[in-house]
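Asker: Just so it is clear, I am handing over model27.pdb, which has PDB, C-alpha atoms.
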MODEL        1
ATOM      1  CA  MET A   1       0.000   0.000   0.000  1.00  0.00           C
ATOM      2  CA  LYS A   2       2.850   2.377   0.822  1.00  0.00           C
ATOM      3  CA  LYS A   3       4.511   1.698  -2.537  1.00  0.00           C
ATOM      4  CA  ALA A   4       1.259   2.427  -4.369  1.00  0.00           C
ATOM      5  CA  ALA A   5       0.843   5.657  -2.431  1.00  0.00           C
ATOM      6  CA  LEU A   6       4.346   6.738  -3.425  1.00  0.00           C
ATOM      7  CA  LEU A   7       3.953   5.746  -7.081  1.00  0.00           C
ATOM      8  CA  ALA A   8       0.730   7.714  -7.629  1.00  0.00           C
ATOM      9  CA  PRO A   9       2.291  11.222  -7.205  1.00  0.00           C
ATOM     10  CA  LEU A  10       5.282  10.158  -9.285  1.00  0.00           C
ATOM     11  CA  MET A  11       3.103   8.994 -12.183  1.00  0.00           C
ATOM     12  CA  LEU A  12       1.076  12.187 -12.011  1.00  0.00           C
ATOM     13  CA  ALA A  13       4.242  14.269 -12.213  1.00  0.00           C
ATOM     14  CA  LEU A  14       5.406  12.296 -15.250  1.00  0.00           C
ATOM     15  CA  ILE A  15       2.051  12.826 -17.015  1.00  0.00           C
ATOM     16  CA  VAL A  16       2.160  16.596 -16.380  1.00  0.00           C
ATOM     17  CA  ALA A  17       5.743  16.789 -17.579  1.00  0.00           C
ATOM     18  CA  GLY A  18       4.818  14.821 -20.700  1.00  0.00           C
ATOM     19  CA  CYS A  19       2.391  17.531 -21.762  1.00  0.00           C
ATOM     20  CA  SER A  20       5.341  19.831 -22.436  1.00  0.00           C
ATOM     21  CA  TRP A  21       6.670  17.337 -24.996  1.00  0.00           C
ATOM     22  CA  LEU A  22       3.644  17.820 -27.233  1.00  0.00           C
ATOM     23  CA  PRO A  23       4.221  20.106 -30.242  1.00  0.00           C
ATOM     24  CA  ASP A  24       2.908  23.662 -29.972  1.00  0.00           C
ATOM     25  CA  SER A  25       0.620  24.297 -32.955  1.00  0.00           C
ATOM     26  CA  SER A  26      -0.813  27.602 -31.770  1.00  0.00           C
ATOM     27  CA  LEU A  27       1.066  29.582 -34.456  1.00  0.00           C
ATOM     28  CA  GLU A  28       0.265  27.288 -37.384  1.00  0.00           C
ATOM     29  CA  TYR A  29      -2.368  29.781 -38.565  1.00  0.00           C
ATOM     30  CA  ARG A  30       0.457  31.869 -40.042  1.00  0.00           C
ATOM     31  CA  LYS A  31       0.888  29.271 -42.766  1.00  0.00           C
ATOM     32  CA  ALA A  32      -2.707  29.701 -43.959  1.00  0.00           C
ATOM     33  CA  ALA A  33      -3.114  30.719 -47.576  1.00  0.00           C
ATOM     34  CA  VAL A  34      -5.327  33.570 -48.756  1.00  0.00           C
ATOM     35  CA  THR A  35      -8.007  32.104 -51.017  1.00  0.00           C
ATOM     36  CA  ASP A  36     -10.445  33.667 -53.459  1.00  0.00           C
ATOM     37  CA  PRO A  37     -13.873  34.739 -52.142  1.00  0.00           C
ATOM     38  CA  ILE A  38     -16.703  32.214 -52.292  1.00  0.00           C
ATOM     39  CA  LYS A  39     -18.493  32.251 -55.642  1.00  0.00           C
ATOM     40  CA  VAL A  40     -22.287  32.210 -55.447  1.00  0.00           C
ATOM     41  CA  PRO A  41     -23.901  29.692 -57.853  1.00  0.00           C
ATOM     42  CA  ASP A  42     -26.084  31.017 -60.652  1.00  0.00           C
ATOM     43  CA  GLY A  43     -29.479  32.014 -59.291  1.00  0.00           C
ATOM     44  CA  GLY A  44     -28.179  32.219 -55.717  1.00  0.00           C
ATOM     45  CA  VAL A  45     -28.454  35.266 -53.490  1.00  0.00           C
ATOM     46  CA  PHE A  46     -25.638  36.832 -51.489  1.00  0.00           C
ATOM     47  CA  ILE A  47     -25.920  40.347 -50.116  1.00  0.00           C
ATOM     48  CA  GLY A  48     -22.573  41.743 -49.004  1.00  0.00           C
ATOM     49  CA  GLU A  49     -19.868  40.094 -46.932  1.00  0.00           C
ATOM     50  CA  GLN A  50     -18.364  40.787 -43.551  1.00  0.00           C
ATOM     51  CA  PRO A  51     -15.495  38.457 -42.570  1.00  0.00           C
ATOM     52  CA  LEU A  52     -15.403  37.937 -38.815  1.00  0.00           C
ATOM     53  CA  TYR A  53     -11.907  36.436 -38.600  1.00  0.00           C
ATOM     54  CA  ALA A  54     -10.132  37.432 -41.761  1.00  0.00           C
ATOM     55  CA  VAL A  55      -6.695  35.848 -42.257  1.00  0.00           C
ATOM     56  CA  PRO A  56      -4.082  38.625 -42.676  1.00  0.00           C
ATOM     57  CA  ARG A  57      -2.429  38.825 -46.066  1.00  0.00           C
ATOM     58  CA  GLU A  58       0.913  37.081 -46.344  1.00  0.00           C
ATOM     59  CA  ASP A  59       2.965  40.280 -46.398  1.00  0.00           C
ATOM     60  CA  GLU A  60       1.168  41.521 -43.271  1.00  0.00           C
ATOM     61  CA  ARG A  61       1.691  38.416 -41.139  1.00  0.00           C
ATOM     62  CA  LEU A  62       4.262  38.076 -38.405  1.00  0.00           C
ATOM     63  CA  THR A  63       7.113  35.787 -39.471  1.00  0.00           C
ATOM     64  CA  ALA A  64       8.261  34.764 -36.003  1.00  0.00           C
ATOM     65  CA  PRO A  65       7.121  35.213 -32.419  1.00  0.00           C
ATOM     66  CA  GLY A  66       8.459  38.295 -30.713  1.00  0.00           C
ATOM     67  CA  GLU A  67      10.095  38.381 -27.328  1.00  0.00           C
ATOM     68  CA  ASP A  68       6.774  38.662 -25.533  1.00  0.00           C
ATOM     69  CA  GLU A  69       4.847  36.447 -27.958  1.00  0.00           C
ATOM     70  CA  LYS A  70       4.938  32.795 -26.968  1.00  0.00           C
ATOM     71  CA  ARG A  71       1.552  31.618 -28.143  1.00  0.00           C
ATOM     72  CA  PHE A  72      -1.218  32.810 -30.410  1.00  0.00           C
ATOM     73  CA  GLU A  73      -4.335  33.878 -28.525  1.00  0.00           C
ATOM     74  CA  ALA A  74      -7.494  33.312 -30.530  1.00  0.00           C
ATOM     75  CA  PRO A  75      -9.744  36.399 -30.828  1.00  0.00           C
ATOM     76  CA  ARG A  76     -12.920  36.402 -28.810  1.00  0.00           C
ATOM     77  CA  PRO A  77     -16.150  35.948 -30.781  1.00  0.00           C
ATOM     78  CA  PRO A  78     -18.292  39.064 -31.231  1.00  0.00           C
ATOM     79  CA  GLN A  79     -21.066  39.674 -28.754  1.00  0.00           C
ATOM     80  CA  LEU A  80     -24.326  38.136 -29.885  1.00  0.00           C
ATOM     81  CA  VAL A  81     -27.004  40.562 -30.990  1.00  0.00           C
ATOM     82  CA  VAL A  82     -30.531  39.632 -29.969  1.00  0.00           C
ATOM     83  CA  LEU A  83     -32.903  40.391 -32.810  1.00  0.00           C
ATOM     84  CA  GLY A  84     -35.978  40.305 -30.583  1.00  0.00           C
ATOM     85  CA  SER A  85     -39.526  40.527 -31.823  1.00  0.00           C
ATOM     86  CA  ALA A  86     -40.985  43.005 -34.230  1.00  0.00           C
ATOM     87  CA  SER A  87     -42.460  44.996 -31.368  1.00  0.00           C
ATOM     88  CA  GLY A  88     -40.134  47.828 -30.417  1.00  0.00           C
ATOM     89  CA  ASN A  89     -38.796  51.042 -31.817  1.00  0.00           C
ATOM     90  CA  GLU A  90     -39.334  49.770 -35.364  1.00  0.00           C
ATOM     91  CA  ASN A  91     -43.055  50.330 -34.917  1.00  0.00           C
ATOM     92  CA  VAL A  92     -42.501  54.057 -34.471  1.00  0.00           C
ATOM     93  CA  GLU A  93     -40.659  54.689 -37.728  1.00  0.00           C
ATOM     94  CA  PRO A  94     -42.758  54.034 -40.852  1.00  0.00           C
ATOM     95  CA  ALA A  95     -41.314  52.617 -44.057  1.00  0.00           C
ATOM     96  CA  PRO A  96     -39.961  55.341 -46.341  1.00  0.00           C
ATOM     97  CA  ARG A  97     -42.370  55.942 -49.209  1.00  0.00           C
ATOM     98  CA  GLY A  98     -41.073  56.066 -52.747  1.00  0.00           C
ATOM     99  CA  GLU A  99     -37.855  54.167 -51.975  1.00  0.00           C
ATOM    100  CA  SER A 100     -36.861  50.783 -53.375  1.00  0.00           C
ATOM    101  CA  ALA A 101     -37.595  47.703 -51.306  1.00  0.00           C
ATOM    102  CA  LYS A 102     -34.057  46.487 -52.166  1.00  0.00           C
ATOM    103  CA  ALA A 103     -35.352  43.007 -52.939  1.00  0.00           C
ATOM    104  CA  LEU A 104     -33.628  40.196 -54.804  1.00  0.00           C
ATOM    105  CA  LEU A 105     -35.326  37.052 -56.087  1.00  0.00           C
ATOM    106  CA  GLY A 106     -33.072  34.028 -55.914  1.00  0.00           C
ATOM    107  CA  ARG A 107     -32.636  30.576 -54.389  1.00  0.00           C
ATOM    108  CA  ASP A 108     -31.291  29.226 -51.134  1.00  0.00           C
ATOM    109  CA  GLY A 109     -28.553  26.608 -50.794  1.00  0.00           C
ATOM    110  CA  ASN A 110     -31.031  23.803 -51.536  1.00  0.00           C
ATOM    111  CA  GLY A 111     -32.433  25.453 -54.634  1.00  0.00           C
ATOM    112  CA  TYR A 112     -35.688  26.689 -53.102  1.00  0.00           C
ATOM    113  CA  PRO A 113     -36.881  30.133 -54.249  1.00  0.00           C
ATOM    114  CA  ILE A 114     -36.576  33.000 -51.769  1.00  0.00           C
ATOM    115  CA  ILE A 115     -36.722  36.777 -51.759  1.00  0.00           C
ATOM    116  CA  MET A 116     -33.944  38.602 -49.900  1.00  0.00           C
ATOM    117  CA  MET A 117     -34.560  42.143 -48.678  1.00  0.00           C
ATOM    118  CA  SER A 118     -31.701  44.270 -47.377  1.00  0.00           C
ATOM    119  CA  THR A 119     -33.831  46.469 -45.161  1.00  0.00           C
ATOM    120  CA  ARG A 120     -35.202  46.544 -41.640  1.00  0.00           C
ATOM    121  CA  TYR A 121     -37.863  44.075 -40.598  1.00  0.00           C
ATOM    122  CA  ALA A 122     -40.550  46.724 -40.078  1.00  0.00           C
ATOM    123  CA  TRP A 123     -40.030  48.095 -43.569  1.00  0.00           C
ATOM    124  CA  ALA A 124     -39.855  44.632 -45.149  1.00  0.00           C
ATOM    125  CA  TRP A 125     -43.150  43.693 -43.477  1.00  0.00           C
ATOM    126  CA  GLU A 126     -44.850  46.799 -44.838  1.00  0.00           C
ATOM    127  CA  TYR A 127     -43.345  46.410 -48.326  1.00  0.00           C
ATOM    128  CA  VAL A 128     -44.544  42.795 -48.551  1.00  0.00           C
ATOM    129  CA  SER A 129     -47.948  43.716 -47.127  1.00  0.00           C
ATOM    130  CA  ASP A 130     -48.418  46.416 -49.769  1.00  0.00           C
ATOM    131  CA  ALA A 131     -47.200  44.096 -52.534  1.00  0.00           C
ATOM    132  CA  LEU A 132     -49.679  41.375 -51.570  1.00  0.00           C
ATOM    133  CA  LYS A 133     -52.549  43.832 -51.942  1.00  0.00           C
ATOM    134  CA  GLN A 134     -51.673  44.165 -55.626  1.00  0.00           C
ATOM    135  CA  THR A 135     -51.766  40.397 -56.281  1.00  0.00           C
ATOM    136  CA  ASP A 136     -54.438  37.696 -56.406  1.00  0.00           C
ATOM    137  CA  LEU A 137     -52.951  36.162 -53.249  1.00  0.00           C
ATOM    138  CA  LYS A 138     -55.479  36.920 -50.538  1.00  0.00           C
ATOM    139  CA  VAL A 139     -54.295  37.419 -46.957  1.00  0.00           C
ATOM    140  CA  SER A 140     -56.685  35.595 -44.619  1.00  0.00           C
ATOM    141  CA  ASP A 141     -54.685  36.406 -41.495  1.00  0.00           C
ATOM    142  CA  ARG A 142     -51.282  37.679 -40.417  1.00  0.00           C
ATOM    143  CA  ASP A 143     -48.968  37.502 -37.408  1.00  0.00           C
ATOM    144  CA  ARG A 144     -46.370  40.246 -37.464  1.00  0.00           C
ATOM    145  CA  GLU A 145     -44.791  38.991 -34.247  1.00  0.00           C
ATOM    146  CA  VAL A 146     -43.597  35.781 -35.938  1.00  0.00           C
ATOM    147  CA  GLY A 147     -43.457  37.190 -39.476  1.00  0.00           C
ATOM    148  CA  ILE A 148     -46.211  35.164 -41.176  1.00  0.00           C
ATOM    149  CA  PHE A 149     -48.869  36.048 -43.745  1.00  0.00           C
ATOM    150  CA  TYR A 150     -51.552  33.371 -44.119  1.00  0.00           C
ATOM    151  CA  LEU A 151     -52.462  33.213 -47.799  1.00  0.00           C
ATOM    152  CA  LYS A 152     -55.358  31.939 -49.878  1.00  0.00           C
ATOM    153  CA  VAL A 153     -53.683  30.665 -53.046  1.00  0.00           C
ATOM    154  CA  PRO A 154     -55.563  30.520 -56.385  1.00  0.00           C
ATOM    155  CA  ASP A 155     -55.457  27.317 -58.430  1.00  0.00           C
ATOM    156  CA  ARG A 156     -53.362  28.906 -61.171  1.00  0.00           C
ATOM    157  CA  TYR A 157     -50.237  28.620 -58.980  1.00  0.00           C
ATOM    158  CA  GLU A 158     -50.599  24.807 -59.023  1.00  0.00           C
ATOM    159  CA  LEU A 159     -49.751  24.593 -55.338  1.00  0.00           C
ATOM    160  CA  GLY A 160     -51.932  21.554 -54.732  1.00  0.00           C
ATOM    161  CA  ALA A 161     -53.442  23.239 -51.679  1.00  0.00           C
ATOM    162  CA  ARG A 162     -55.686  26.221 -51.136  1.00  0.00           C
ATOM    163  CA  GLU A 163     -53.564  27.831 -48.401  1.00  0.00           C
ATOM    164  CA  ALA A 164     -49.917  28.625 -47.683  1.00  0.00           C
ATOM    165  CA  GLN A 165     -47.818  30.718 -45.339  1.00  0.00           C
ATOM    166  CA  LEU A 166     -45.488  33.525 -46.392  1.00  0.00           C
ATOM    167  CA  LYS A 167     -42.676  33.658 -43.829  1.00  0.00           C
ATOM    168  CA  LEU A 168     -40.348  36.610 -43.169  1.00  0.00           C
ATOM    169  CA  SER A 169     -37.190  35.649 -41.290  1.00  0.00           C
ATOM    170  CA  HIS A 170     -34.150  37.519 -39.979  1.00  0.00           C
ATOM    171  CA  THR A 171     -30.843  36.338 -41.499  1.00  0.00           C
ATOM    172  CA  THR A 172     -27.309  37.705 -41.498  1.00  0.00           C
ATOM    173  CA  ASN A 173     -27.881  39.026 -45.029  1.00  0.00           C
ATOM    174  CA  GLY A 174     -31.209  40.711 -44.374  1.00  0.00           C
ATOM    175  CA  ILE A 175     -34.849  39.648 -44.356  1.00  0.00           C
ATOM    176  CA  GLN A 176     -35.637  36.371 -46.120  1.00  0.00           C
ATOM    177  CA  VAL A 177     -39.097  35.733 -47.560  1.00  0.00           C
ATOM    178  CA  ALA A 178     -40.115  32.131 -48.276  1.00  0.00           C
ATOM    179  CA  VAL A 179     -43.310  30.188 -48.939  1.00  0.00           C
ATOM    180  CA  LEU A 180     -44.246  27.454 -46.460  1.00  0.00           C
ATOM    181  CA  ASN A 181     -47.041  24.913 -46.599  1.00  0.00           C
ATOM    182  CA  GLU A 182     -50.336  25.609 -44.844  1.00  0.00           C
ATOM    183  CA  LYS A 183     -49.030  24.112 -41.578  1.00  0.00           C
ATOM    184  CA  GLY A 184     -45.755  26.058 -41.744  1.00  0.00           C
ATOM    185  CA  SER A 185     -43.783  22.833 -41.335  1.00  0.00           C
ATOM    186  CA  ALA A 186     -41.872  22.845 -44.644  1.00  0.00           C
ATOM    187  CA  LEU A 187     -41.182  24.843 -47.787  1.00  0.00           C
ATOM    188  CA  VAL A 188     -43.623  24.292 -50.639  1.00  0.00           C
ATOM    189  CA  ASP A 189     -42.477  22.672 -53.878  1.00  0.00           C
ATOM    190  CA  LYS A 190     -40.067  24.774 -55.912  1.00  0.00           C
ATOM    191  CA  ILE A 191     -42.284  25.414 -58.960  1.00  0.00           C
ATOM    192  CA  PRO A 192     -45.358  26.819 -57.164  1.00  0.00           C
ATOM    193  CA  GLY A 193     -43.105  28.559 -54.647  1.00  0.00           C
ATOM    194  CA  GLN A 194     -41.264  30.271 -57.494  1.00  0.00           C
ATOM    195  CA  ALA A 195     -44.539  31.364 -59.099  1.00  0.00           C
ATOM    196  CA  ILE A 196     -45.869  32.829 -55.855  1.00  0.00           C
ATOM    197  CA  LEU A 197     -42.674  34.711 -55.049  1.00  0.00           C
ATOM    198  CA  GLU A 198     -42.314  35.996 -58.605  1.00  0.00           C
ATOM    199  CA  ARG A 199     -45.789  37.503 -58.375  1.00  0.00           C
ATOM    200  CA  ILE A 200     -44.944  39.209 -55.075  1.00  0.00           C
ATOM    201  CA  TYR A 201     -41.530  40.312 -56.334  1.00  0.00           C
ATOM    202  CA  ASP A 202     -43.108  42.008 -59.350  1.00  0.00           C
ATOM    203  CA  GLU A 203     -44.951  44.318 -56.959  1.00  0.00           C
ATOM    204  CA  LEU A 204     -41.929  45.049 -54.751  1.00  0.00           C
ATOM    205  CA  ASP A 205     -40.009  47.023 -57.383  1.00  0.00           C
TER
ENDMDL
END
As structure tokens, how would this structure be written, given the file I've shared?
Answerer:
Amino acid sequence: MKKAALLAPLMLALIVAGCSWLPDSSLEYRKAAVTDPIKVPDGGVFIGEQPLYAVPREDERLTAPGEDEKRFEAPRPPQLVVLGSASGNENVEPAPRGESAKALLGRDGNGYPIIMMSTRYAWAWEYVSDALKQTDLKVSDRDREVGIFYLKVPDRYELGAREAQLKLSHTTNGIQVAVLNEKGSALVDKIPGQAILERIYDELD
């Protein structure tokens, strides 16, 4: 028992000392290459870019650690911004009349049609609301808090159902508008979804 008690601290000391034998890879980031920006596929939508942790260009990188630089310290992530509900100061400021809705009709990463709007949620909601009034898509109900218009869809859109939901969502690139099924559980098929969004988009310009 005494031998075991003596061996335990010794083994622990050896394990701790062994950690210093491991290679230090904290400065390997300096070998990273600068690549070309991501190319958006045809029909895709990408509004602006804002790199959070851009790799410095090769001529701007440090070539060796300085006297006081032993390890690379990763930057802290930016503080999260809570987007909250639509109720707030946005209700006070009306959408600017006569200005463009700044909308783009495109597709998401899975090929489903979407409209992207680079504007504030309150303005996007009003722009879409006004656009719907000019179409044959009838709004049976709406919930601004969650960003949903409940639509009555005419047969000509070949949706296969009489109702659908138009969903406005916050994204990093702006406000995304997509067409969901009547239960709001999934996106509708691409062809009727494209037809519905094209009709709305025509009234956003």
Asker: Would you compute the distance between CA of Arg120 (chain A) and CA of Val139 (chain A)? Give it in Å to one decimal.
Answerer: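 Going from CA of Arg120 (chain A) over to CA of Val139 (chain A), I get 21.8 Å.
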Asker: Where does the PyMOL selection byres ((chain A and resi 167) around 6) land in this file, that is, which residues does it pick, as number ranges by chain?
Answerer: A: 147-148, 166, 168, 177-178
Asker: Find, counting all atoms listed in the file, the residue in A:Ile200, A:Ala164, A:Ile114, A:Ile38 that gets nearest to Gly184 (chain A).
Answerer: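 Under the stated criterion, the closest residue is A:Ala164.
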Asker: Expressed in Å to a single decimal, how great is the separation between CA of Gly111 (chain A) and CA of Thr35 (chain A)?
Answerer: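 A separation of 25.6 Å between them.
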Asker: List the neighbours of His170 (chain A) out to 8 Å using all atoms listed in the file; skip same-chain residues closer than 3 positions along the sequence, and give me the result as a ChimeraX atom specification.
Answerer: /A:83,121,174-176
Asker: Rounded to one decimal, what separation in Å do you get between CA of Met116 (chain A) and CA of Ser169 (chain A)?
Answerer: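 Rounded to one decimal, the two atoms are 9.7 Å apart.
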Asker: Could you tell me, as a PyMOL selection string, exactly which residues end up selected when the PyMOL selection byres ((chain A and resi 198) around 12) is applied to this structure?
Answerer: chain A and resi 103-107+113-115+131-132+135+137+157+177-179+190-197+199-205
Asker: Just want the 10 Å neighbourhood of Arg162 (chain A), counted on only C-alpha atoms, with same-chain residues fewer than 4 positions away dropped. Output as number ranges by chain.
Answerer: A: 151-155, 157-158, 181-182
